[in-house]
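Undergrad: Provided below: query-v2.txt, containing compact mmCIF, C-alpha atoms.
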```txt
# COMPACT_ATOMS: atom_id res chain seq x y z
CA MET L 338 90.48 64.52 76.71
CA GLY L 339 89.12 67.79 75.34
CA LYS L 340 88.54 66.21 71.96
CA LEU L 341 86.68 63.26 73.48
CA PHE L 342 84.50 65.62 75.47
CA PHE L 343 83.73 67.58 72.32
CA TYR L 344 82.62 64.51 70.39
CA VAL L 345 80.48 63.25 73.27
CA ALA L 346 78.79 66.65 73.49
CA LEU L 347 78.25 66.69 69.73
CA ALA L 348 76.69 63.20 69.81
CA LEU L 349 74.42 64.25 72.68
CA VAL L 350 73.25 67.29 70.76
CA VAL L 351 72.49 65.28 67.61
CA VAL L 352 70.69 62.51 69.52
CA SER L 353 68.63 64.94 71.55
CA GLY L 354 67.81 66.77 68.32
CA LEU L 355 66.37 63.48 67.02
CA ILE L 356 64.51 62.57 70.20
CA PHE L 357 63.05 65.96 71.03
CA ALA L 358 62.32 67.02 67.46
CA PRO L 359 58.93 68.77 67.34
CA GLU L 360 56.21 66.91 65.42
CA HIS L 361 55.49 69.94 63.32
CA ALA L 362 58.84 71.49 62.50
CA ALA L 363 57.43 74.94 61.98
CA LEU L 364 59.64 77.99 62.32
CA ALA L 365 57.90 79.39 65.42
CA ILE L 366 60.33 81.94 66.76
CA HIS L 367 59.22 84.35 69.47
CA PRO L 368 62.48 86.05 70.44
CA MET L 369 60.78 88.77 72.44
CA ASP L 370 58.63 86.50 74.61
CA GLN L 371 61.47 86.13 77.09
CA PHE L 372 61.11 89.81 78.01
CA ASN L 373 57.45 89.57 79.02
CA VAL L 374 56.63 90.76 82.49
CA ALA L 375 54.20 88.36 84.14
CA SER L 376 52.74 88.10 87.60
CA LEU L 377 53.98 85.04 89.48
CA THR L 378 50.78 84.82 91.50
CA GLY L 379 48.55 85.12 88.45
CA GLY L 380 46.45 88.10 87.63
CA ALA L 381 47.29 91.50 86.30
CA VAL L 382 50.69 93.19 86.52
CA SER L 383 49.78 95.91 88.98
CA THR L 384 52.37 98.14 90.61
CA PHE L 385 52.80 96.04 93.75
CA ALA L 386 52.25 92.62 92.18
CA ILE L 387 55.00 90.05 92.63
CA THR L 388 56.26 89.40 89.13
CA ASN L 389 59.22 87.72 87.46
CA VAL L 390 60.84 91.17 87.68
CA THR L 391 60.52 90.99 91.47
CA LEU L 392 62.04 87.50 91.53
CA TRP L 393 65.08 88.32 89.43
CA LEU L 394 65.70 91.68 91.11
CA ALA L 395 65.59 89.86 94.45
CA LEU L 396 68.04 87.27 93.14
CA ALA L 397 70.37 90.09 92.06
CA VAL L 398 70.21 91.54 95.58
CA VAL L 399 70.91 88.08 97.03
CA CYS L 400 73.90 87.61 94.70
CA VAL L 401 75.34 91.01 95.68
CA PHE L 402 74.85 90.04 99.33
CA LEU L 403 76.50 86.65 98.84
CA LEU L 404 79.52 88.06 97.04
CA MET L 405 80.14 91.26 98.97
CA VAL L 406 78.95 90.38 102.49
CA VAL L 407 79.17 86.58 102.83
CA GLY L 408 82.26 86.45 100.64
CA SER L 409 84.14 88.96 102.78
CA SER L 410 82.75 87.73 106.12
CA ARG L 411 85.99 86.04 107.22
CA ARG L 412 87.96 89.32 106.89
CA ALA L 413 91.03 87.25 106.11
CA ILE L 414 94.42 88.90 105.58
CA VAL L 415 95.05 86.20 102.98
CA PRO L 416 91.71 86.21 101.17
CA SER L 417 89.63 83.28 100.00
CA ARG L 418 88.45 83.18 96.38
CA ALA L 419 85.12 84.86 97.08
CA GLN L 420 86.81 87.52 99.20
CA SER L 421 89.37 88.08 96.43
CA ILE L 422 86.59 88.68 93.92
CA ALA L 423 84.83 91.06 96.32
CA GLU L 424 88.09 92.95 96.94
CA LEU L 425 88.96 93.08 93.25
CA THR L 426 85.51 94.46 92.43
CA TYR L 427 85.88 97.02 95.20
CA GLY L 428 89.35 98.04 94.03
CA PHE L 429 88.29 98.12 90.39
CA ILE L 430 85.36 100.51 90.94
CA TYR L 431 87.15 102.55 93.61
CA LYS L 432 90.09 103.18 91.30
CA MET L 433 87.74 104.01 88.44
CA VAL L 434 85.88 106.59 90.53
CA GLU L 435 89.14 108.06 91.81
CA ASP L 436 90.80 108.19 88.39
CA VAL L 437 87.84 109.46 86.37
CA ALA L 438 85.83 111.60 88.79
CA GLY L 439 88.76 112.77 90.90
CA LYS L 440 89.50 112.65 94.63
CA ASP L 441 86.31 114.52 95.56
CA GLY L 442 84.28 111.99 93.57
CA VAL L 443 85.20 109.27 96.06
CA LYS L 444 82.32 110.16 98.36
CA PHE L 445 79.95 109.02 95.61
CA PHE L 446 81.70 105.64 95.51
CA PRO L 447 78.92 103.71 97.34
CA TYR L 448 76.32 104.95 94.84
CA ILE L 449 78.45 104.05 91.85
CA MET L 450 79.30 100.69 93.40
CA THR L 451 75.56 100.08 93.86
CA LEU L 452 74.91 100.78 90.19
CA PHE L 453 77.79 98.58 89.03
CA MET L 454 76.97 95.64 91.27
CA PHE L 455 73.30 95.74 90.35
CA ILE L 456 73.87 95.90 86.60
CA LEU L 457 76.61 93.27 86.70
CA MET L 458 74.54 90.80 88.71
CA ALA L 459 71.36 91.45 86.71
CA ASN L 460 73.24 90.95 83.43
CA PHE L 461 74.87 87.72 84.56
CA LEU L 462 71.67 86.35 86.10
CA GLY L 463 69.95 87.12 82.80
CA LEU L 464 72.35 84.76 81.07
CA ILE L 465 70.98 81.78 82.97
CA PRO L 466 68.68 79.90 80.55
CA MET L 467 64.95 80.50 81.21
CA SER L 468 65.75 83.49 83.38
CA PHE L 469 64.39 87.00 83.08
CA THR L 470 66.79 89.83 82.35
CA THR L 471 65.79 92.92 84.31
CA THR L 472 68.39 95.12 82.60
CA SER L 473 66.88 94.37 79.19
CA HIS L 474 63.93 96.61 80.09
CA ILE L 475 64.06 100.27 79.26
CA ALA L 476 61.98 100.98 82.38
CA VAL L 477 64.82 99.71 84.55
CA THR L 478 67.71 101.27 82.67
CA ALA L 479 65.87 104.57 82.27
CA ILE L 480 65.48 104.78 86.04
CA LEU L 481 69.17 104.01 86.52
CA ALA L 482 70.23 106.60 83.92
CA GLY L 483 67.70 109.10 85.25
CA LEU L 484 69.08 108.71 88.76
CA VAL L 485 72.55 109.44 87.44
CA PHE L 486 71.33 112.39 85.38
CA PHE L 487 69.46 114.08 88.22
CA THR L 488 72.16 113.35 90.78
CA VAL L 489 74.83 114.79 88.51
CA THR L 490 72.77 117.88 87.67
CA ILE L 491 71.89 118.58 91.30
CA VAL L 492 75.45 117.97 92.49
CA GLY L 493 76.71 120.24 89.71
CA PHE L 494 74.51 123.15 90.76
CA VAL L 495 75.05 122.61 94.49
CA LYS L 496 78.83 122.43 94.11
CA ASN L 497 79.35 125.17 91.53
CA GLY L 498 76.18 127.28 91.62
CA VAL L 499 75.65 129.12 88.36
CA GLY L 500 79.24 128.22 87.44
CA PHE L 501 77.92 124.79 86.49
CA LEU L 502 76.53 126.42 83.33
CA GLY L 503 80.17 126.93 82.32
CA LEU L 504 79.94 123.31 81.22
CA PHE L 505 77.94 124.56 78.23
CA TRP L 506 79.99 127.70 77.61
CA VAL L 507 83.15 126.50 75.83
CA SER L 508 85.54 129.29 76.81
CA SER L 509 88.37 127.90 74.70
CA ALA L 510 86.35 128.34 71.46
CA PRO L 511 86.13 131.63 69.51
CA LEU L 512 83.50 133.95 70.94
CA ALA L 513 81.30 133.82 67.82
CA LEU L 514 81.07 130.03 67.98
CA ARG L 515 80.29 129.83 71.68
CA PRO L 516 76.47 130.27 71.49
CA ILE L 517 76.22 127.55 68.82
CA LEU L 518 78.45 125.27 70.82
CA ALA L 519 76.37 126.03 73.90
CA ILE L 520 73.24 124.79 72.13
CA ILE L 521 75.03 121.63 70.97
CA GLU L 522 76.42 121.04 74.45
CA LEU L 523 72.99 121.57 75.96
CA ILE L 524 71.38 119.06 73.59
CA SER L 525 74.15 116.53 74.20
CA TYR L 526 73.71 116.99 77.93
CA PHE L 527 70.03 116.12 77.76
CA VAL L 528 70.63 113.24 75.36
CA ARG L 529 73.02 111.67 77.86
CA PRO L 530 70.38 109.83 79.94
CA VAL L 531 68.72 108.56 76.75
CA SER L 532 71.89 107.07 75.30
CA HIS L 533 72.99 105.96 78.76
CA SER L 534 69.84 103.88 79.28
CA ILE L 535 69.22 102.66 75.73
CA ARG L 536 72.83 101.50 75.34
CA LEU L 537 72.49 99.10 78.24
CA ALA L 538 68.98 97.84 77.54
CA GLY L 539 69.60 97.63 73.79
CA ASN L 540 72.79 95.61 74.09
CA VAL L 541 71.35 93.15 76.56
CA MET L 542 68.04 92.81 74.70
CA ALA L 543 69.66 92.33 71.29
CA GLY L 544 71.98 89.61 72.54
CA HIS L 545 69.20 87.68 74.24
CA ALA L 546 66.93 88.01 71.20
CA VAL L 547 69.69 86.63 68.95
CA LEU L 548 70.10 83.67 71.29
CA LYS L 549 66.36 83.00 71.09
CA VAL L 550 66.33 83.27 67.29
CA PHE L 551 69.09 80.66 67.04
CA ALA L 552 67.21 78.52 69.54
CA GLY L 553 64.16 78.71 67.24
CA PHE L 554 66.31 77.53 64.33
CA ALA L 555 67.56 74.64 66.44
CA GLY L 556 63.98 73.59 67.09
CA ALA L 557 63.14 73.62 63.38
CA LEU L 558 66.26 71.94 61.97
CA GLY L 559 65.92 68.52 63.67
CA LEU L 560 69.07 66.48 63.00
CA PHE L 561 71.06 69.57 62.03
CA SER L 562 70.11 71.41 65.18
CA PHE L 563 73.74 71.22 66.30
CA LEU L 564 74.63 74.00 63.87
CA PRO L 565 72.52 76.71 65.56
CA ILE L 566 73.50 75.26 68.94
CA PHE L 567 77.14 75.97 68.11
CA ALA L 568 76.11 79.46 67.08
CA ILE L 569 74.28 79.84 70.40
CA THR L 570 77.45 78.74 72.23
CA ALA L 571 79.50 81.38 70.41
CA VAL L 572 76.92 84.13 70.90
CA TYR L 573 76.56 83.14 74.55
CA ALA L 574 80.30 83.60 75.07
CA LEU L 575 80.01 87.02 73.48
CA GLU L 576 77.04 87.80 75.74
CA VAL L 577 79.07 86.97 78.84
CA LEU L 578 81.57 89.56 77.66
CA VAL L 579 78.80 92.06 76.87
CA ALA L 580 77.26 91.53 80.31
CA PHE L 581 80.45 92.70 81.96
CA ILE L 582 81.35 95.38 79.44
CA GLN L 583 77.92 97.04 79.58
CA ALA L 584 78.07 97.18 83.38
CA TYR L 585 81.56 98.67 83.06
CA VAL L 586 80.51 101.19 80.39
CA PHE L 587 77.47 102.32 82.38
CA THR L 588 79.64 102.80 85.47
CA ILE L 589 82.49 104.63 83.78
CA LEU L 590 80.05 106.96 82.00
CA THR L 591 78.50 107.70 85.39
CA CYS L 592 81.98 108.63 86.62
CA VAL L 593 82.57 110.85 83.58
CA TYR L 594 79.26 112.67 84.14
CA LEU L 595 80.12 113.04 87.81
CA LYS L 596 83.47 114.55 86.87
CA ASP L 597 81.60 117.12 84.74
CA ALA L 598 79.46 118.01 87.75
CA LEU L 599 82.44 118.35 90.09
CA HIS L 600 84.75 120.14 87.65
CA PRO L 601 82.54 121.78 85.00
CA SER L 602 85.31 123.84 83.35
CA HIS L 603 86.52 122.41 80.09
CA MET U 670 56.68 78.68 86.54
CA ALA U 671 57.92 78.29 82.99
CA SER U 672 54.48 77.32 81.67
CA ASN U 673 52.93 80.14 83.66
CA THR U 674 55.38 82.60 82.11
CA GLN U 675 54.76 81.06 78.71
CA ASP U 676 50.99 81.49 79.03
CA ALA U 677 51.32 85.02 80.25
CA ALA U 678 53.78 85.66 77.47
CA HIS U 679 51.30 84.51 74.89
CA GLY U 680 48.63 86.63 76.48
CA ALA U 681 50.88 89.67 76.48
CA ALA U 682 52.06 88.97 72.95
CA GLU U 683 48.46 88.91 71.76
CA SER U 684 47.45 92.06 73.56
CA ALA U 685 50.65 94.05 72.91
CA PRO U 686 52.51 92.88 69.84
CA GLY U 687 56.11 94.02 69.53
CA MET U 688 58.46 94.78 72.31
CA PRO U 689 57.43 94.00 75.89
CA GLN U 690 59.89 96.76 76.80
CA LEU U 691 57.39 99.30 75.47
CA ASP U 692 54.43 97.90 77.37
CA PHE U 693 53.91 100.85 79.69
CA SER U 694 51.44 98.98 81.89
CA THR U 695 54.34 97.07 83.46
CA PHE U 696 56.51 100.14 84.13
CA GLY U 697 55.03 100.90 87.53
CA ASN U 698 55.69 97.41 88.73
CA GLN U 699 59.25 97.34 87.42
CA ILE U 700 60.12 100.76 88.81
CA PHE U 701 58.66 99.96 92.22
CA TRP U 702 60.63 96.73 92.63
CA LEU U 703 63.76 98.28 91.11
CA ALA U 704 63.66 101.07 93.70
CA ILE U 705 63.44 98.51 96.48
CA ALA U 706 66.27 96.43 94.99
CA LEU U 707 68.53 99.46 94.57
CA VAL U 708 67.90 100.68 98.10
CA ALA U 709 68.58 97.15 99.40
CA ILE U 710 71.85 96.89 97.48
CA TYR U 711 72.87 100.39 98.56
CA LEU U 712 72.25 99.58 102.22
CA ILE U 713 74.04 96.24 101.97
CA LEU U 714 77.05 97.85 100.33
CA SER U 715 77.33 101.12 102.25
CA ARG U 716 76.49 99.72 105.71
CA VAL U 717 78.24 96.35 105.67
CA ALA U 718 80.22 95.33 102.64
CA LEU U 719 82.22 98.41 101.65
CA PRO U 720 83.42 99.43 105.16
CA ARG U 721 84.38 95.84 105.85
CA ILE U 722 86.33 95.43 102.61
CA ALA U 723 87.98 98.82 103.11
CA ALA U 724 89.03 97.75 106.62
CA VAL U 725 90.39 94.44 105.33
CA LEU U 726 92.35 96.18 102.58
CA ALA U 727 93.74 98.77 105.01
CA GLU U 728 94.67 96.05 107.47
CA ARG U 729 96.44 94.09 104.75
CA GLN U 730 98.29 97.21 103.65
CA GLY U 731 99.31 97.82 107.25
CA THR U 732 100.49 94.24 107.66
CA ILE U 733 102.52 94.44 104.47
CA THR U 734 104.06 97.76 105.50
CA ASN U 735 104.90 96.38 108.96
CA ASP U 736 106.40 93.25 107.49
CA LEU U 737 108.49 95.28 105.08
CA ALA U 738 109.70 97.51 107.93
CA ALA U 739 110.53 94.44 110.02
CA ALA U 740 112.40 92.95 107.08
CA GLU U 741 114.31 96.20 106.67
CA ASP U 742 115.16 96.14 110.40
CA LEU U 743 116.37 92.57 110.23
CA LYS U 744 118.46 93.37 107.19
CA ALA U 745 120.07 96.32 109.00
CA LYS U 746 120.76 94.04 111.95
CA ALA U 747 122.34 91.45 109.68
CA VAL U 748 124.58 94.12 108.14
CA GLU U 749 125.49 95.33 111.63
CA ALA U 750 126.33 91.80 112.74
CA GLU U 751 128.47 91.30 109.66
CA ASP U 752 130.31 94.56 110.37
CA ALA U 753 130.88 93.52 113.97
CA TYR U 754 132.18 90.16 112.81
CA ASN U 755 134.53 91.77 110.32
CA LYS U 756 135.75 94.21 112.96
CA ALA U 757 136.36 91.38 115.44
CA LEU U 758 138.23 89.50 112.76
CA ALA U 759 140.40 92.52 111.95
CA ASP U 760 141.04 93.13 115.67
CA ALA U 761 142.04 89.56 116.22
CA ARG U 762 144.38 89.68 113.25
CA ALA U 763 145.99 92.93 114.51
CA GLU U 764 146.34 91.44 118.00
CA ALA U 765 147.96 88.33 116.59
CA GLN U 766 150.39 90.46 114.60
CA ARG U 767 151.17 92.59 117.63
CA ILE U 768 151.85 89.50 119.77
CA ALA U 769 154.04 88.04 117.05
CA ALA U 770 156.02 91.28 116.75
CA GLU U 771 156.42 91.52 120.53
CA THR U 772 157.58 87.96 120.76
CA ARG U 773 159.99 88.54 117.92
CA ALA U 774 161.39 91.65 119.68
CA GLU U 775 161.77 89.76 122.96
CA ILE U 776 163.55 86.94 121.24
CA GLN U 777 165.76 89.49 119.46
CA VAL U 778 166.69 91.11 122.78
CA GLY U 779 167.58 87.73 124.28
CA LEU U 780 169.50 86.83 121.19
CA ASP U 781 171.42 90.12 121.22
CA GLU U 782 172.31 89.63 124.88
CA ALA U 783 173.46 86.13 124.26
CA ILE U 784 175.53 87.24 121.27
CA ALA U 785 177.09 90.09 123.29
CA LYS U 786 177.87 87.70 126.10
CA ALA U 787 179.36 85.21 123.73
CA ASP U 788 181.42 87.97 122.05
CA GLU U 789 182.68 89.05 125.43
CA GLN U 790 183.63 85.53 126.34
CA ILE U 791 185.27 85.04 123.00
CA SER U 792 187.27 88.25 123.30
CA ALA U 793 188.28 87.36 126.88
CA LYS U 794 189.34 83.97 125.74
CA ALA U 795 191.22 85.50 122.83
CA ALA U 796 193.00 87.98 125.13
CA GLU U 797 193.95 85.19 127.46
CA SER U 798 195.21 83.13 124.61
CA GLU U 799 197.23 86.07 123.24
CA LYS U 800 198.77 86.61 126.63
CA ALA U 801 199.64 82.91 126.81
CA ILE U 802 201.08 83.08 123.30
CA GLY U 803 203.08 86.15 124.28
CA GLU U 804 204.39 84.36 127.36
CA ILE U 805 205.28 81.35 125.33
CA LYS U 806 206.99 83.57 122.72
CA ALA U 807 208.95 85.37 125.42
CA GLY U 808 209.81 82.05 126.96
CA ALA U 809 210.99 80.82 123.60
CA LEU U 810 213.30 83.88 123.07
CA GLU U 811 214.80 83.42 126.48
CA SER U 812 215.42 79.77 125.65
CA VAL U 813 216.98 80.75 122.34
CA LYS U 814 219.33 83.13 124.22
CA VAL U 815 220.32 80.42 126.68
CA VAL U 816 220.79 77.88 123.91
CA ALA U 817 222.78 80.39 121.81
CA ALA U 818 224.97 81.31 124.79
CA ASP U 819 225.51 77.64 125.62
CA THR U 820 226.28 76.86 122.04
CA ALA U 821 228.67 79.82 121.79
CA GLU U 822 230.41 78.76 125.01
CA ALA U 823 230.69 75.24 123.69
CA LEU U 824 232.06 76.54 120.41
CA VAL U 825 234.59 78.75 122.19
CA ALA U 826 235.63 75.82 124.37
CA ALA U 827 235.98 73.63 121.37
CA LEU U 828 238.18 76.17 119.70
CA GLY U 829 240.44 76.08 122.74
CA GLY U 830 239.48 79.28 124.27
CA LYS U 831 238.11 80.06 127.59
CA ALA U 832 234.75 81.39 127.36
CA ASP U 833 233.85 84.33 129.42
CA ALA U 834 230.20 83.83 130.22
CA LYS U 835 229.49 87.56 130.38
CA ALA U 836 231.10 88.28 127.05
CA VAL U 837 229.27 85.46 125.40
CA ALA U 838 225.94 86.61 126.72
CA ALA U 839 226.65 90.17 125.56
CA ALA U 840 227.65 88.91 122.13
CA VAL U 841 224.54 86.78 121.84
CA ALA U 842 222.34 89.67 122.90
CA ASP U 843 224.13 91.91 120.46
CA ARG U 844 223.67 89.41 117.68
CA MET U 845 220.05 88.82 118.41
CA LYS U 846 219.34 92.53 118.22
CA GLY U 847 221.04 92.74 114.85
```
Please re-express this file's structure in structure tokens.
TA:
Amino acid sequence: MGKLFFYVALALVVVSGLIFAPEHAALAIHPMDQFNVASLTGGAVSTFAITNVTLWLALAVVCVFLLMVVGSSRRAIVPSRAQSIAELTYGFIYKMVEDVAGKDGVKFFPYIMTLFMFILMANFLGLIPMSFTTTSHIAVTAILAGLVFFTVTIVGFVKNGVGFLGLFWVSSAPLALRPILAIIELISYFVRPVSHSIRLAGNVMAGHAVLKVFAGFAGALGLFSFLPIFAITAVYALEVLVAFIQAYVFTILTCVYLKDALHPSH
Amino acid sequence: MASNTQDAAHGAAESAPGMPQLDFSTFGNQIFWLAIALVAIYLILSRVALPRIAAVLAERQGTITNDLAAAEDLKAKAVEAEDAYNKALADARAEAQRIAAETRAEIQVGLDEAIAKADEQISAKAAESEKAIGEIKAGALESVKVVAADTAEALVAALGGKADAKAVAAAVADRMKG
């Protein structure tokens, strides 16, 4: 059955490659076009314009609502599938916050859950063909990372006062090394939001660009377009994994930074 | 929508070659809508979804704990019932043994009585019989004396003498002693 399905799919790909072959098989690949921000109503992209960003952010909100609110609306003791997923997500992030940031990090759980759900949904929505991936934009991820950075810094100073600076003063190192280490620690602290945001946007953007490049090959190769289409299938599977892993990595790093703010001693 | 995006994309690509991510003119728009989306998700999660899921999870935990406790109770009850059953069984067995022993003792008493009675009767009968035998024996001796005296008298007569009855009897008695 699986084999039959495979051959039917292969035949479909080859036939469609013949039928829809472009008249001029030029290698016109624009892998970055998918990231363009455009107004849906026409006109310039002003601050309050409704753009494709607006649409796909709204869809992410709707998906979070569907999964977490509609999915859990029956409050069943024996959960349905949607409720199971909602509960698993809840338990997964709750345990992560508790394990990494500690018991007193639990009060930040709704914020961290917000970050995780948003990134997860935006990444997965971005994998729908012809969609727009909001998390591929550095503007979006920089805001997310900046929120984490400022929250962590403020919480650190509010909780520990000047003691928060102990994060940079490695008391276990020899005294002579401590000032040098302090400078390194300080730099690494301020690089955190940069790496935090670029990691997410870079991973998502690179994957989508690769998909588009292979799609361009498929358009140019005509009969042999099935080769890049197989490559797209493989890369797409990898991208599904990356979509989850990047959401996970962003969230767990947030928890690690939060732990530093709550317990700055090394 | 796709063609619209495509056109806009071409326009953007012409005006800002390279990465659309670095087109700062769109940052305001993205950040504005992102802020709204994040606030919306935060409100959805913190006001509705998370408390509800936490309640469901706590309720499930409670149900499981209750069920486990109930199961533990029932198990204890089952063990209790088994103990009671075993005890009843042991009691019944002991009672049966006691009754059997009692019955045996009663029967033994009856038996002993009967045996004693029988012994008594037997010994009475034996005494009676002995007495009768004694009488008979005595009777027989007397008869022997009479016969011996008669015989002696007859013998004396036959020999031509005149038998003195007293002398004969004394002789017989004397002989029988010897």
Undergrad: Using only C-alpha atoms, I'd like a table of the residues in chain L that come within 7 Å of chain U; for each, show the closest atom pair and its distance in Å rounded to one decimal, ordered by chain and ascending number, as a Markdown table.
TA:
```
| residue | atom | partner | partner_atom | distance |
| --- | --- | --- | --- | --- |
| L:Met369 | CA | U:Met688 | CA | 6.4 |
| L:Asp370 | CA | U:Ala678 | CA | 5.7 |
| L:Phe372 | CA | U:Pro689 | CA | 6.0 |
| L:Asn373 | CA | U:Pro689 | CA | 5.4 |
| L:Val374 | CA | U:Thr695 | CA | 6.8 |
| L:Ala375 | CA | U:Ala677 | CA | 5.9 |
| L:Val382 | CA | U:Thr695 | CA | 6.1 |
| L:Ser383 | CA | U:Asn698 | CA | 6.1 |
| L:Thr384 | CA | U:Asn698 | CA | 3.9 |
| L:Phe385 | CA | U:Asn698 | CA | 6.0 |
| L:Ala386 | CA | U:Asn698 | CA | 6.8 |
| L:Val390 | CA | U:Gln699 | CA | 6.4 |
| L:Thr391 | CA | U:Trp702 | CA | 5.9 |
| L:Leu394 | CA | U:Ala706 | CA | 6.2 |
| L:Ala395 | CA | U:Ala706 | CA | 6.6 |
| L:Val398 | CA | U:Ile710 | CA | 5.9 |
| L:Phe402 | CA | U:Ile713 | CA | 6.8 |
| L:Met405 | CA | U:Ala718 | CA | 5.5 |
| L:Val406 | CA | U:Ala718 | CA | 5.1 |
| L:Ser409 | CA | U:Ile722 | CA | 6.8 |
| L:Arg412 | CA | U:Val725 | CA | 5.9 |
| L:Ile414 | CA | U:Arg729 | CA | 5.6 |
| L:Glu424 | CA | U:Ile722 | CA | 6.4 |
| L:Pro447 | CA | U:Ser715 | CA | 5.8 |
| L:Tyr448 | CA | U:Tyr711 | CA | 6.8 |
| L:Thr451 | CA | U:Tyr711 | CA | 5.4 |
| L:His474 | CA | U:Gln690 | CA | 5.2 |
| L:Ile475 | CA | U:Gln690 | CA | 6.0 |
| L:Ala476 | CA | U:Phe696 | CA | 5.8 |
| L:Val477 | CA | U:Ile700 | CA | 6.4 |
```
Undergrad: Once you have the residues from the selection above, write them out as a PDB file, in the frame of the given file, restricted to C-alpha atoms.
TA:
```pdb
ATOM      1  CA  MET L 369      60.780  88.770  72.440  1.00  0.00           C
ATOM      2  CA  ASP L 370      58.630  86.500  74.610  1.00  0.00           C
ATOM      3  CA  PHE L 372      61.110  89.810  78.010  1.00  0.00           C
ATOM      4  CA  ASN L 373      57.450  89.570  79.020  1.00  0.00           C
ATOM      5  CA  VAL L 374      56.630  90.760  82.490  1.00  0.00           C
ATOM      6  CA  ALA L 375      54.200  88.360  84.140  1.00  0.00           C
ATOM      7  CA  VAL L 382      50.690  93.190  86.520  1.00  0.00           C
ATOM      8  CA  SER L 383      49.780  95.910  88.980  1.00  0.00           C
ATOM      9  CA  THR L 384      52.370  98.140  90.610  1.00  0.00           C
ATOM     10  CA  PHE L 385      52.800  96.040  93.750  1.00  0.00           C
ATOM     11  CA  ALA L 386      52.250  92.620  92.180  1.00  0.00           C
ATOM     12  CA  VAL L 390      60.840  91.170  87.680  1.00  0.00           C
ATOM     13  CA  THR L 391      60.520  90.990  91.470  1.00  0.00           C
ATOM     14  CA  LEU L 394      65.700  91.680  91.110  1.00  0.00           C
ATOM     15  CA  ALA L 395      65.590  89.860  94.450  1.00  0.00           C
ATOM     16  CA  VAL L 398      70.210  91.540  95.580  1.00  0.00           C
ATOM     17  CA  PHE L 402      74.850  90.040  99.330  1.00  0.00           C
ATOM     18  CA  MET L 405      80.140  91.260  98.970  1.00  0.00           C
ATOM     19  CA  VAL L 406      78.950  90.380 102.490  1.00  0.00           C
ATOM     20  CA  SER L 409      84.140  88.960 102.780  1.00  0.00           C
ATOM     21  CA  ARG L 412      87.960  89.320 106.890  1.00  0.00           C
ATOM     22  CA  ILE L 414      94.420  88.900 105.580  1.00  0.00           C
ATOM     23  CA  GLU L 424      88.090  92.950  96.940  1.00  0.00           C
ATOM     24  CA  PRO L 447      78.920 103.710  97.340  1.00  0.00           C
ATOM     25  CA  TYR L 448      76.320 104.950  94.840  1.00  0.00           C
ATOM     26  CA  THR L 451      75.560 100.080  93.860  1.00  0.00           C
ATOM     27  CA  HIS L 474      63.930  96.610  80.090  1.00  0.00           C
ATOM     28  CA  ILE L 475      64.060 100.270  79.260  1.00  0.00           C
ATOM     29  CA  ALA L 476      61.980 100.980  82.380  1.00  0.00           C
ATOM     30  CA  VAL L 477      64.820  99.710  84.550  1.00  0.00           C
TER      31      VAL L 477
END
```
Undergrad: Can you list, as a list of chain:residue names, every protein, DNA or RNA residue that comes within 7 Å of U:Ala818 when you count all atoms listed in the file, leaving out same-chain residues fewer than 6 positions away?
TA: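 Answer for this query is U:Val837, U:Ala838, U:Val841.
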Undergrad: Take the residues that were just selected and, keeping C-alpha atoms, output them as a CSV table (one decimal), keeping the file's coordinate frame.
TA:
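Result file follows (again-v6.csv):
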```
chain,number,residue,atom,x,y,z
U,837,VAL,CA,229.3,85.5,125.4
U,838,ALA,CA,225.9,86.6,126.7
U,841,VAL,CA,224.5,86.8,121.8
```
Undergrad: Check which residues of stretch 476-589 of chain L sit at most 12 Å from stretch 426-432 of chain L using only C-alpha atoms, and return one row each with the closest pair of atoms and their distance in Å to one decimal, ordered by chain and rising number, as a Markdown table.
TA:
```
| residue | atom | partner | partner_atom | distance |
| --- | --- | --- | --- | --- |
| L:Phe581 | CA | L:Thr426 | CA | 11.8 |
| L:Ala584 | CA | L:Ile430 | CA | 11.0 |
| L:Tyr585 | CA | L:Ile430 | CA | 8.9 |
| L:Val586 | CA | L:Ile430 | CA | 11.6 |
| L:Phe587 | CA | L:Ile430 | CA | 11.8 |
| L:Thr588 | CA | L:Ile430 | CA | 8.2 |
| L:Ile589 | CA | L:Ile430 | CA | 8.7 |
```
Undergrad: Using C-alpha atoms, can you write the selected residues to a file as a tab-separated table (two decimals), in the frame of the given file?
TA:
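Written out: out33.tsv:
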```tsv
chain	number	residue	atom	x	y	z
L	581	PHE	CA	80.45	92.70	81.96
L	584	ALA	CA	78.07	97.18	83.38
L	585	TYR	CA	81.56	98.67	83.06
L	586	VAL	CA	80.51	101.19	80.39
L	587	PHE	CA	77.47	102.32	82.38
L	588	THR	CA	79.64	102.80	85.47
L	589	ILE	CA	82.49	104.63	83.78
```
Undergrad: Could you tell me how far atom CA of L:Val401 lies from atom CA of L:Leu457, in Å and to one decimal?
TA: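 Interatomic distance, atom CA of L:Val401 to atom CA of L:Leu457: 9.3 Å.
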Undergrad: Could you work out how far atom CA of U:Ala747 lies from atom CA of U:Ala761, giving the answer in Å with one decimal?
TA: 20.8 Å
Undergrad: At a cut-off of 8 Å, using all atoms listed in the file, what residues contact L:Ile569? Leave out same-chain residues fewer than 5 positions from it and give the result as an MDAnalysis selection string.
TA: chainID L and resid 548 551:552
Undergrad: Mind giving me the straight-line distance from atom CA of U:Leu737 to atom CA of L:Ala419 in Å, one decimal?
TA: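 That distance, rounded to one decimal, is 26.8 Å.
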Undergrad: Can you pull out the residues contacting L:Ala397? Cut-off 8 Å, using all atoms listed in the file, and skip same-chain residues under 6 positions away; I want them as a list in words.
TA: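 Listed by chain and then number, they are Phe455, Met458, Ala459 and Leu462 of chain L.
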